[in-house]
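Contents: one structure, followed by commentary.
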Amino acid sequence: MSDYPTYLEVLNPEQRQAVLHTGKPLLILAGAGSGKTRVITTKIAWFIRERGVDPRSILAVTFTNKAAREMATRARQIDERAGDAMLRTFHSFGAWFLRRNGSLAGLDSGFVIYDDDDVVSLLSTIMENSPKAEVKECAYNISRAKDYFFDPDDPQLIKIDTRKKFREIYARYEQRMAEIGNVDFGDLIKKPVEILRSQPEVARRFRERFSVIMVDEYQDANVAQFRLLKELCGAETYVCVVGDDDQSIYRFRGAEVKNILEFPDRFSGADIIRLERNYRSTAPILKAASSVVNCNNDRLGKTLRAEKGDGPLPVLAYLPDQEHEASFCAEKIEKSVKSEKAKWSDWAVLYRTNAQSLGFETLFLRRGIPYRVVGSLKFYEREEIKDALALLSFLINPRDEVAFRRVVNKPTRGVGPVTVDKIVEASANEGGDLLKTGYKMELAAKARSGLNEFFKVIENAQSLLDKADGAVAEPTAEPRSDEGSPPDNKVKKSGGKKGKTKKHEELVSGEGLSVCVTQIVKDSGIAEYHRTQDEVTANQRLNNLQELVNAASLYAQSREGLLEFLEHIELDRSIDDRANASADTSGDPENSVTLITFHNTKGLEFRRVIMTGLEQGVFPRDGKNGEEMEEERRLFYVGATRAMDELYLTSCAVRRMYGRTMPSNPSVFLREIDRSCLRITGEKSYGYGTGQRPPWEQNSDTSGATYSRYAQTSQRENDAEKKAGWRRGQRLFHDDHGYGAVMEVRDSEDGPIVRVRFDTGRETRFLSEHQGRAYEKMGDDV
DNA sequence: TAGTTTTAAGTTTTT
DNA sequence: CTTAAAACTA
């Protein structure tokens, strides 16, 4: 029928047209599930095979590491040589660029990337007396400013922050960052653009290097990223971007849908190809999703056809509360698996905020449903992990003020903030090197000896690295193209009996870089410090540190390897949290239910999807209107179009927030969905869609005013103590937990609640009238 | 200054 | 409810 080789034969005409397109810039408007990844990967392979393009001169940019990895895998399946193409996220490309060319912007190649928390820490040293919330807002605004490519002196800055002093703060921040020699996320895009603009020679080199540039998820590009693309494209460069305006969900991060709308203007002579055949979802699912996003005004508009045809209607379950919501999900999933209609991994539970995952996790754990939580960054936000990383960062860059502040006095060495301030200030004259300055400075005796202790740790670590550098001559000139997160099997589960407190094991080192890291972390006393804090959490913290150490074993034992390790952690935090995750519900992470935020689902697909929390205030979130409301609709669209076969929606009548139960209304999205493609289960008779609220909602509407969180005065606390027969400070003994003391006695609807902290660090609470018997009062108060 | 206790505050979404 | 910041004490 045709002369196309098989890998092209399998494409539909539009897809093939997109793959074979050359000569002019190309914009591919690709609806959800229309096979855009297939087009990009095929196009890469095609260029290599049919056009003799050197794989190394192909650059494909995505927004997530997950997407980059998937693209690499799939392209290689078509042609092995595609593995040599550069497939990266914008940010990792930026980092790669700056390691090589950063010196042109005064940047040492050993820079460390600051995450948002580090930025806030640095900023709070600049905005000394401001409350934390204000500092955070400022950090956010600086980040936005960089997304829009605004310098501190840019007049347009007022669009982001109208306060006069913002300009100053931004300028000071930039200056401090330059002195420290590190970069933030925004710099990874902005600085390369600046270099490319100011150094024509470099620009020429890069335009020569990359003859084909492709960008995925183009609707999520911000202004700075657009500029970077523009700078990389020379007259000869073939540029192709793929996107879908209906799936733009990162406005809050500076994404500009305008980029995609204006592409034909910015890249003159561009062709546009539309992919409107959806191969993923059934017709009713697609219709339901479209009917919501159709309510948006600001869109190009397109008609997606479901190639799959008919299927079961999406189901809306209207439920009383979160507990029912979780068990609804559990039952649906269990039933389908037991009847062998589906596997665990066919299912995904979607929610708006990460916090919502908790309810599902606890129930799934109890019912033995294997699950994995995608995304939540918990692991790297843990104190002990941040401590260890700060220590390692400081080894790489002794000018890193933020890292220094974090670890110098941990464990306590008598070096307080006053001393630290002094050192930082003095270091300004020494080129910012905190080590050098610290050695020379005159200090009070206590601070002196403490600082020396810390320096001893650093020295030992340095010589460890020096030795490693000498022994393993590993230049790692080119980054590995298959840079992925560590394969699961390599990270062995750390020891320790679950749940029970037992003697802590030492950190165990594996191979590679982990040898050094283990030694350094042990030396530093960080592990020891956390061990002394609280015995119960200490166990977990040690396990976490062990995880970190394990992850290091994949890197070379050298400074270079350490740098790579740190960079990888900053740029890709997606490795899931094994310490907490479904630890023992099942051994096989490949066969478990996915718990995930709507945002994180982009680019993924599942046979069966449950979208949860469809309530006003939750999804869409509070205070969304106008453009932001349109973004929420797009988010709904993204979520719904992940489903291949079956789609479920849940909405609760009441929801617990901040520990209080509040009535909630059904999401407006439920009203916007075309009624012909929705089946309502459960309490359908309660007037869904008529604006009338279901009965339990009306009854339980004792509404907010009566809940006063601060009602209990110390006087009332006294009453509670009398009623309970327990008072604060009372020592006690419990058969299972041992000795402890009463921390707090509080009144509740069910009677007085006594909170106990045991000497092991564990905390429990009990109702005095019911469970009081298990607690034996002991004589000596504290 | 270090460690503890009391009080306030908060939940988007992510590279 | 959980966590972070402020306030207090030794």
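Letters A, B, ... mark the chains of the structure tokens in the order given; residue numbers begin at 1 per chain; ligand numbers begin at 1, in order shown.
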Interface residues on chain A facing chain C, 9 Å, only C-alpha atoms (C1' of nucleotides), written as a PDB file with C-alpha atoms, in the first residue's frame:
ATOM      1  CA  LYS A 132       8.788  34.491  57.178  1.00  0.00           C
ATOM      2  CA  MET A 657      -9.450  20.574  56.890  1.00  0.00           C
ATOM      3  CA  TYR A 658      -7.073  21.737  59.595  1.00  0.00           C
ATOM      4  CA  GLY A 659      -8.554  19.046  61.761  1.00  0.00           C
ATOM      5  CA  ARG A 660     -12.070  20.499  61.515  1.00  0.00           C
TER       6      ARG A 660
END
Within 8 Å of chain A, which residues of chain B are there when counting only C-alpha atoms (C1' of nucleotides)? Please give them as a VMD selection string.
chain B and resid 1 10 to 15
Keeping only C-alpha atoms (C1' of nucleotides), write those residues as a CSV table (one decimal), in the first residue's frame.
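Saved file part02.csv follows:
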chain,number,residue,atom,x,y,z
B,1,DT,C1',22.7,30.1,74.2
B,10,DG,C1',-1.4,26.9,57.4
B,11,DT,C1',-2.7,23.6,52.0
B,12,DT,C1',-1.9,24.7,46.0
B,13,DT,C1',0.1,22.9,41.9
B,14,DT,C1',6.8,21.9,40.5
B,15,DT,C1',11.5,22.4,37.6
Name the residues of region 305-349 of chain A that fall into helix (DSSP H, G or I) according to DSSP on the backbone, using the chain letters and numbers of this document, as number ranges by chain.
A: 322-338, 344-346
Residue selection dump (N, CA and C atoms) as a PDB file, in the first residue's frame:
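What landed in out12.pdb:
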ATOM      1  N   GLN A 322     -14.623  12.018  53.532  1.00  0.00           N
ATOM      2  CA  GLN A 322     -13.350  11.488  53.032  1.00  0.00           C
ATOM      3  C   GLN A 322     -13.170   9.999  53.287  1.00  0.00           C
ATOM      4  N   GLU A 323     -13.653   9.549  54.438  1.00  0.00           N
ATOM      5  CA  GLU A 323     -13.487   8.135  54.759  1.00  0.00           C
ATOM      6  C   GLU A 323     -14.234   7.279  53.738  1.00  0.00           C
ATOM      7  N   HIS A 324     -15.438   7.733  53.416  1.00  0.00           N
ATOM      8  CA  HIS A 324     -16.197   7.019  52.396  1.00  0.00           C
ATOM      9  C   HIS A 324     -15.519   7.120  51.030  1.00  0.00           C
ATOM     10  N   GLU A 325     -14.931   8.257  50.804  1.00  0.00           N
ATOM     11  CA  GLU A 325     -14.244   8.453  49.530  1.00  0.00           C
ATOM     12  C   GLU A 325     -13.110   7.448  49.385  1.00  0.00           C
ATOM     13  N   ALA A 326     -12.339   7.322  50.456  1.00  0.00           N
ATOM     14  CA  ALA A 326     -11.207   6.392  50.412  1.00  0.00           C
ATOM     15  C   ALA A 326     -11.692   4.960  50.256  1.00  0.00           C
ATOM     16  N   SER A 327     -12.747   4.607  50.995  1.00  0.00           N
ATOM     17  CA  SER A 327     -13.175   3.213  50.893  1.00  0.00           C
ATOM     18  C   SER A 327     -13.897   2.950  49.566  1.00  0.00           C
ATOM     19  N   PHE A 328     -14.523   3.978  49.027  1.00  0.00           N
ATOM     20  CA  PHE A 328     -15.089   3.824  47.677  1.00  0.00           C
ATOM     21  C   PHE A 328     -13.987   3.435  46.693  1.00  0.00           C
ATOM     22  N   CYS A 329     -12.897   4.155  46.757  1.00  0.00           N
ATOM     23  CA  CYS A 329     -11.769   3.853  45.870  1.00  0.00           C
ATOM     24  C   CYS A 329     -11.242   2.444  46.136  1.00  0.00           C
ATOM     25  N   ALA A 330     -11.029   2.159  47.412  1.00  0.00           N
ATOM     26  CA  ALA A 330     -10.473   0.860  47.778  1.00  0.00           C
ATOM     27  C   ALA A 330     -11.348  -0.270  47.255  1.00  0.00           C
ATOM     28  N   GLU A 331     -12.656  -0.125  47.435  1.00  0.00           N
ATOM     29  CA  GLU A 331     -13.557  -1.200  47.028  1.00  0.00           C
ATOM     30  C   GLU A 331     -13.589  -1.383  45.517  1.00  0.00           C
ATOM     31  N   LYS A 332     -13.696  -0.250  44.806  1.00  0.00           N
ATOM     32  CA  LYS A 332     -13.689  -0.332  43.343  1.00  0.00           C
ATOM     33  C   LYS A 332     -12.440  -1.053  42.856  1.00  0.00           C
ATOM     34  N   ILE A 333     -11.332  -0.647  43.425  1.00  0.00           N
ATOM     35  CA  ILE A 333     -10.053  -1.202  42.972  1.00  0.00           C
ATOM     36  C   ILE A 333      -9.962  -2.683  43.325  1.00  0.00           C
ATOM     37  N   GLU A 334     -10.241  -2.995  44.585  1.00  0.00           N
ATOM     38  CA  GLU A 334     -10.157  -4.388  45.033  1.00  0.00           C
ATOM     39  C   GLU A 334     -11.046  -5.292  44.198  1.00  0.00           C
ATOM     40  N   LYS A 335     -12.254  -4.813  43.985  1.00  0.00           N
ATOM     41  CA  LYS A 335     -13.211  -5.637  43.255  1.00  0.00           C
ATOM     42  C   LYS A 335     -12.702  -5.960  41.849  1.00  0.00           C
ATOM     43  N   SER A 336     -12.181  -4.963  41.200  1.00  0.00           N
ATOM     44  CA  SER A 336     -11.735  -5.181  39.828  1.00  0.00           C
ATOM     45  C   SER A 336     -10.542  -6.122  39.773  1.00  0.00           C
ATOM     46  N   VAL A 337      -9.719  -6.047  40.790  1.00  0.00           N
ATOM     47  CA  VAL A 337      -8.529  -6.907  40.796  1.00  0.00           C
ATOM     48  C   VAL A 337      -8.916  -8.342  41.152  1.00  0.00           C
ATOM     49  N   LYS A 338      -9.816  -8.475  42.131  1.00  0.00           N
ATOM     50  CA  LYS A 338     -10.228  -9.816  42.550  1.00  0.00           C
ATOM     51  C   LYS A 338     -10.931 -10.550  41.414  1.00  0.00           C
ATOM     52  N   TRP A 344      -3.531  -4.017  39.739  1.00  0.00           N
ATOM     53  CA  TRP A 344      -3.401  -2.849  40.615  1.00  0.00           C
ATOM     54  C   TRP A 344      -2.889  -1.653  39.817  1.00  0.00           C
ATOM     55  N   SER A 345      -1.925  -1.928  38.964  1.00  0.00           N
ATOM     56  CA  SER A 345      -1.271  -0.820  38.263  1.00  0.00           C
ATOM     57  C   SER A 345      -2.146  -0.200  37.177  1.00  0.00           C
ATOM     58  N   ASP A 346      -3.313  -0.785  36.921  1.00  0.00           N
ATOM     59  CA  ASP A 346      -4.228  -0.149  35.980  1.00  0.00           C
ATOM     60  C   ASP A 346      -4.882   1.087  36.589  1.00  0.00           C
TER      61      ASP A 346
END
Figure out the distance between CA of Glu383 (chain A) and CA of Asp118 (chain A), please, to one decimal in Å.
12.7 Å
Could you check how far CA of Asp736 (chain A) sits from C1' of DT4 (chain B), in Å to one decimal?
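Computing it gives 26.3 Å between the two atoms.
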Would you compute the distance between CA of Gly31 (chain A) and CA of Glu276 (chain A)? Give it in Å to one decimal.
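Those two atoms sit 5.7 Å apart.
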Nearest candidate to Val10 (chain A) (options A:Arg634, A:Lys422, A:Lys446, A:Arg38; using only C-alpha atoms)
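For Val10 (chain A), the nearest of the candidates is A:Arg38.
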